[in-house]
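A.B. asks: Quick one: the structure is below, questions incoming.
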Amino acid sequence: MKNKTVIITGANSGIGKEAALRFAKEGYKVIMGCRNLDISRKVQKEIIEATTNNQVELMELDTSSFESIRKFCSAFQSSYEQLDILIHNAAYFNHGEPYRESADGFELTFATNVFGPFLMTHLLLDQLRKSEDPRILHAGSNIIKHFFDTKRKIDYLDGKHEEIIKSFSVYKMYAESKMALTLLTFKMAEKFEQDGIKVNALQINGAKMSKETIQKFKPKYKMIAWVQNLFIPPASYMADKYFKICTEEDFKRTTGKLFNDKLEIMQPSPKEFPGFIKQMKQITGTSVYPAYEENTNVSDKLWALCKDSSRSKIG
């Protein structure tokens, strides 16, 4: 795999770090796109020493900043002719934090988890097209199960920012951003099909959070995170799923799908309102996802918003 190149955002901790380690072990050229270089240099060194793979490169990247994304992509393009795998793993979710905006003036959660991956993908399309087997993977979340409630919607699409600020919670915005990222998965798969670029998402049920991540939380949320870590599989478990979706022959022609942690393709929930027992099975199970994504109007509206936010000529 010495000629295969993979970019992993947020590769200095958690699932991203474990994924970088796994790809490096298999001989891939690994590009770690990370915001905090001080922490990331130590991780980069650890991965190189553990795998004896010197082709692990660290590049500065803040997925909430369009300027940072453009600089990253420009630097990558000057050194690499093609890109084989792009994994959008980085995400913002500092539970309990107040409303914050990105450098570009957008709510920070949505900027990091949606607008950033959208722009970055489009800037790297030429390099992806040169690959014989280009694949994109989005890190989804089971938090989208909140959208089994038919009253839930992506409020950010309505542009009522004053109301969003007034009733803001990172948890709620994170759910909306991950629902939006799932929508983008399906839309990108459709848009990029003619280029042979496969786009899928993995619904993550949780992964043990690193000490560095937990330290960012406010005191009461730190305690919750430590307790959750007792019942959640190690980050390497989901990193293995990243690797398989992005490399195995079984998924070479699979695109526009949402996988569960068993690597089964999830199906949209039935449109008819389920009874209580069936509804509980949907919420607790891993075979279906909210049919909210089936709303084409929402997908088109989201695509247009992403285009407008990046201020780019994107088709």
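Please note that chains go A, B, ... in the order of the structure tokens, that every chain numbers its residues from 1, and that ligands are numbered from 1 in the order shown.
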At a cut-off of 10 Å, using only C-alpha atoms, what residues contact Phe147 in chain A? Leave out same-chain residues fewer than 2 positions from it and give the result as number ranges by chain.

C.D. replies: A: 143-145, 149-154, 175-176, 179, 283, 289-293

A.B. asks: Any chance you could export the current selection's N, CA and C atoms as an mmCIF file, in the first residue's frame?

C.D. replies:
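Heads up, here's the output in part.cif:
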data_model
loop_
_atom_site.group_PDB
_atom_site.id
_atom_site.type_symbol
_atom_site.label_atom_id
_atom_site.label_comp_id
_atom_site.auth_asym_id
_atom_site.auth_seq_id
_atom_site.Cartn_x
_atom_site.Cartn_y
_atom_site.Cartn_z
ATOM 1 N N ILE A 143 -26.365 9.752 17.528
ATOM 2 C CA ILE A 143 -27.126 10.868 18.075
ATOM 3 C C ILE A 143 -28.236 11.306 17.115
ATOM 4 N N ILE A 144 -28.135 10.914 15.843
ATOM 5 C CA ILE A 144 -29.184 11.270 14.879
ATOM 6 C C ILE A 144 -30.496 10.562 15.197
ATOM 7 N N LYS A 145 -30.474 9.623 16.140
ATOM 8 C CA LYS A 145 -31.710 8.934 16.515
ATOM 9 C C LYS A 145 -32.746 9.903 17.080
ATOM 10 N N ASP A 149 -37.977 11.381 16.147
ATOM 11 C CA ASP A 149 -39.052 12.304 16.516
ATOM 12 C C ASP A 149 -39.360 13.142 15.278
ATOM 13 N N THR A 150 -40.532 12.971 14.729
ATOM 14 C CA THR A 150 -40.886 13.639 13.473
ATOM 15 C C THR A 150 -40.938 15.168 13.591
ATOM 16 N N LYS A 151 -40.929 15.674 14.825
ATOM 17 C CA LYS A 151 -40.949 17.125 15.006
ATOM 18 C C LYS A 151 -39.548 17.736 14.953
ATOM 19 N N ARG A 152 -38.530 16.887 15.046
ATOM 20 C CA ARG A 152 -37.166 17.390 15.011
ATOM 21 C C ARG A 152 -36.784 17.821 13.594
ATOM 22 N N LYS A 153 -35.963 18.856 13.509
ATOM 23 C CA LYS A 153 -35.488 19.323 12.220
ATOM 24 C C LYS A 153 -34.148 20.015 12.405
ATOM 25 N N ILE A 154 -33.481 20.266 11.293
ATOM 26 C CA ILE A 154 -32.205 20.976 11.337
ATOM 27 C C ILE A 154 -32.520 22.468 11.344
ATOM 28 N N ALA A 175 -26.279 17.074 17.300
ATOM 29 C CA ALA A 175 -27.225 16.147 16.667
ATOM 30 C C ALA A 175 -27.630 16.651 15.286
ATOM 31 N N GLU A 176 -27.903 17.947 15.189
ATOM 32 C CA GLU A 176 -28.295 18.526 13.900
ATOM 33 C C GLU A 176 -27.151 18.448 12.891
ATOM 34 N N MET A 179 -26.797 14.923 11.638
ATOM 35 C CA MET A 179 -27.873 14.615 10.701
ATOM 36 C C MET A 179 -27.563 15.240 9.344
ATOM 37 N N ILE A 283 -35.198 2.923 18.035
ATOM 38 C CA ILE A 283 -34.328 3.801 18.821
ATOM 39 C C ILE A 283 -33.150 3.038 19.411
ATOM 40 N N TYR A 289 -32.223 4.007 10.339
ATOM 41 C CA TYR A 289 -31.928 5.390 10.726
ATOM 42 C C TYR A 289 -33.151 6.245 10.391
ATOM 43 N N PRO A 290 -33.294 7.420 10.988
ATOM 44 C CA PRO A 290 -34.471 8.256 10.730
ATOM 45 C C PRO A 290 -34.628 8.583 9.252
ATOM 46 N N ALA A 291 -35.845 8.471 8.753
ATOM 47 C CA ALA A 291 -36.116 8.708 7.334
ATOM 48 C C ALA A 291 -36.058 10.182 6.967
ATOM 49 N N TYR A 292 -35.681 11.014 7.916
ATOM 50 C CA TYR A 292 -35.576 12.455 7.676
ATOM 51 C C TYR A 292 -34.711 12.751 6.455
ATOM 52 N N GLU A 293 -33.644 11.941 6.259
ATOM 53 C CA GLU A 293 -32.740 12.171 5.129
ATOM 54 C C GLU A 293 -33.406 11.967 3.774
#

A.B. asks: Quick one: everything within 10 Å of Gln77 in chain A, counting only C-alpha atoms, minus sequence neighbours fewer than 3 positions away in the same chain. Send it as a PDB file with C-alpha atoms, in the first residue's frame.

C.D. replies:
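As written to disk, selection_33.pdb reads:
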ATOM      1  CA  LYS A  71      -4.059  26.312   3.216  1.00  0.00           C
ATOM      2  CA  PHE A  72      -4.115  22.611   4.056  1.00  0.00           C
ATOM      3  CA  CYS A  73      -5.475  21.598   0.654  1.00  0.00           C
ATOM      4  CA  SER A  74      -3.013  23.851  -1.177  1.00  0.00           C
ATOM      5  CA  TYR A  80       0.710  14.858  -3.630  1.00  0.00           C
ATOM      6  CA  GLU A  81      -0.784  14.240  -7.061  1.00  0.00           C
ATOM      7  CA  GLN A  82      -3.539  11.958  -5.893  1.00  0.00           C
ATOM      8  CA  LEU A  83      -5.623  11.106  -2.860  1.00  0.00           C
ATOM      9  CA  LEU A 123     -11.063  21.330  -2.888  1.00  0.00           C
ATOM     10  CA  LEU A 124      -9.579  17.808  -3.051  1.00  0.00           C
ATOM     11  CA  ASP A 126      -9.106  16.625  -8.516  1.00  0.00           C
ATOM     12  CA  GLN A 127      -6.730  14.543  -6.398  1.00  0.00           C
TER      13      GLN A 127
END

A.B. asks: Please produce, as JSON lines, a per-residue contact table for range 96-197 of chain A versus range 58-66 of chain A (criterion: any atom at most 8 Å away, only C-alpha atoms considered), showing the nearest atom pair and its distance in Å to one decimal, sorted by chain then residue number.

C.D. replies:
{"residue": "A:Ser102", "atom": "CA", "partner": "A:Ser64", "partner_atom": "CA", "distance": 6.0}
{"residue": "A:Ala103", "atom": "CA", "partner": "A:Ser65", "partner_atom": "CA", "distance": 6.0}
{"residue": "A:Asp104", "atom": "CA", "partner": "A:Ser65", "partner_atom": "CA", "distance": 6.6}
{"residue": "A:Leu108", "atom": "CA", "partner": "A:Ser64", "partner_atom": "CA", "distance": 6.6}
{"residue": "A:Ala111", "atom": "CA", "partner": "A:Ser64", "partner_atom": "CA", "distance": 5.0}
{"residue": "A:Thr112", "atom": "CA", "partner": "A:Ser64", "partner_atom": "CA", "distance": 4.0}
{"residue": "A:Asn113", "atom": "CA", "partner": "A:Ser64", "partner_atom": "CA", "distance": 7.7}
{"residue": "A:Phe115", "atom": "CA", "partner": "A:Ser64", "partner_atom": "CA", "distance": 7.6}
{"residue": "A:Gly116", "atom": "CA", "partner": "A:Thr63", "partner_atom": "CA", "distance": 4.9}
{"residue": "A:Pro117", "atom": "CA", "partner": "A:Thr63", "partner_atom": "CA", "distance": 7.0}
{"residue": "A:Leu119", "atom": "CA", "partner": "A:Phe66", "partner_atom": "CA", "distance": 7.6}

A.B. asks: Excluding Asp195 in chain A and residues on its chain fewer than 2 positions from it, collect all residues at most 12 Å away from it, counting only C-alpha atoms, and give them as a list in words.

C.D. replies: Leu125, Asp126, Gln127, Leu128, Arg129, Lys130, Ser131, Glu132, Asp133, Pro134, Arg135, Met188, Ala189, Glu190, Lys191, Phe192, Glu193, Ile197, Lys198 and Val199 of chain A

A.B. asks: Name all residues at most 10 Å from range 301-305 of chain A (count only C-alpha atoms; drop same-chain ones fewer than 2 positions away) and give them as a list in words.

C.D. replies: Val114, Phe115, Phe118, Ile154, Tyr156, Leu157, Asp158, Gly159, Ala180, Leu181, Leu183, Leu184, Lys187, Met188, Thr296, Asn297, Val298, Ser299, Lys307, Asp308, Ser309, Ser310, Arg311, Ile314 and Gly315 of chain A

A.B. asks: Might you pull out every residue within 8 Å of range 21-32 of chain A, with only C-alpha atoms counted and same-chain residues fewer than 6 positions away left off, and present them as a PyMOL selection string?

C.D. replies: chain A and resi 1-12+44+47-48+51-53+55-59+239-240+243
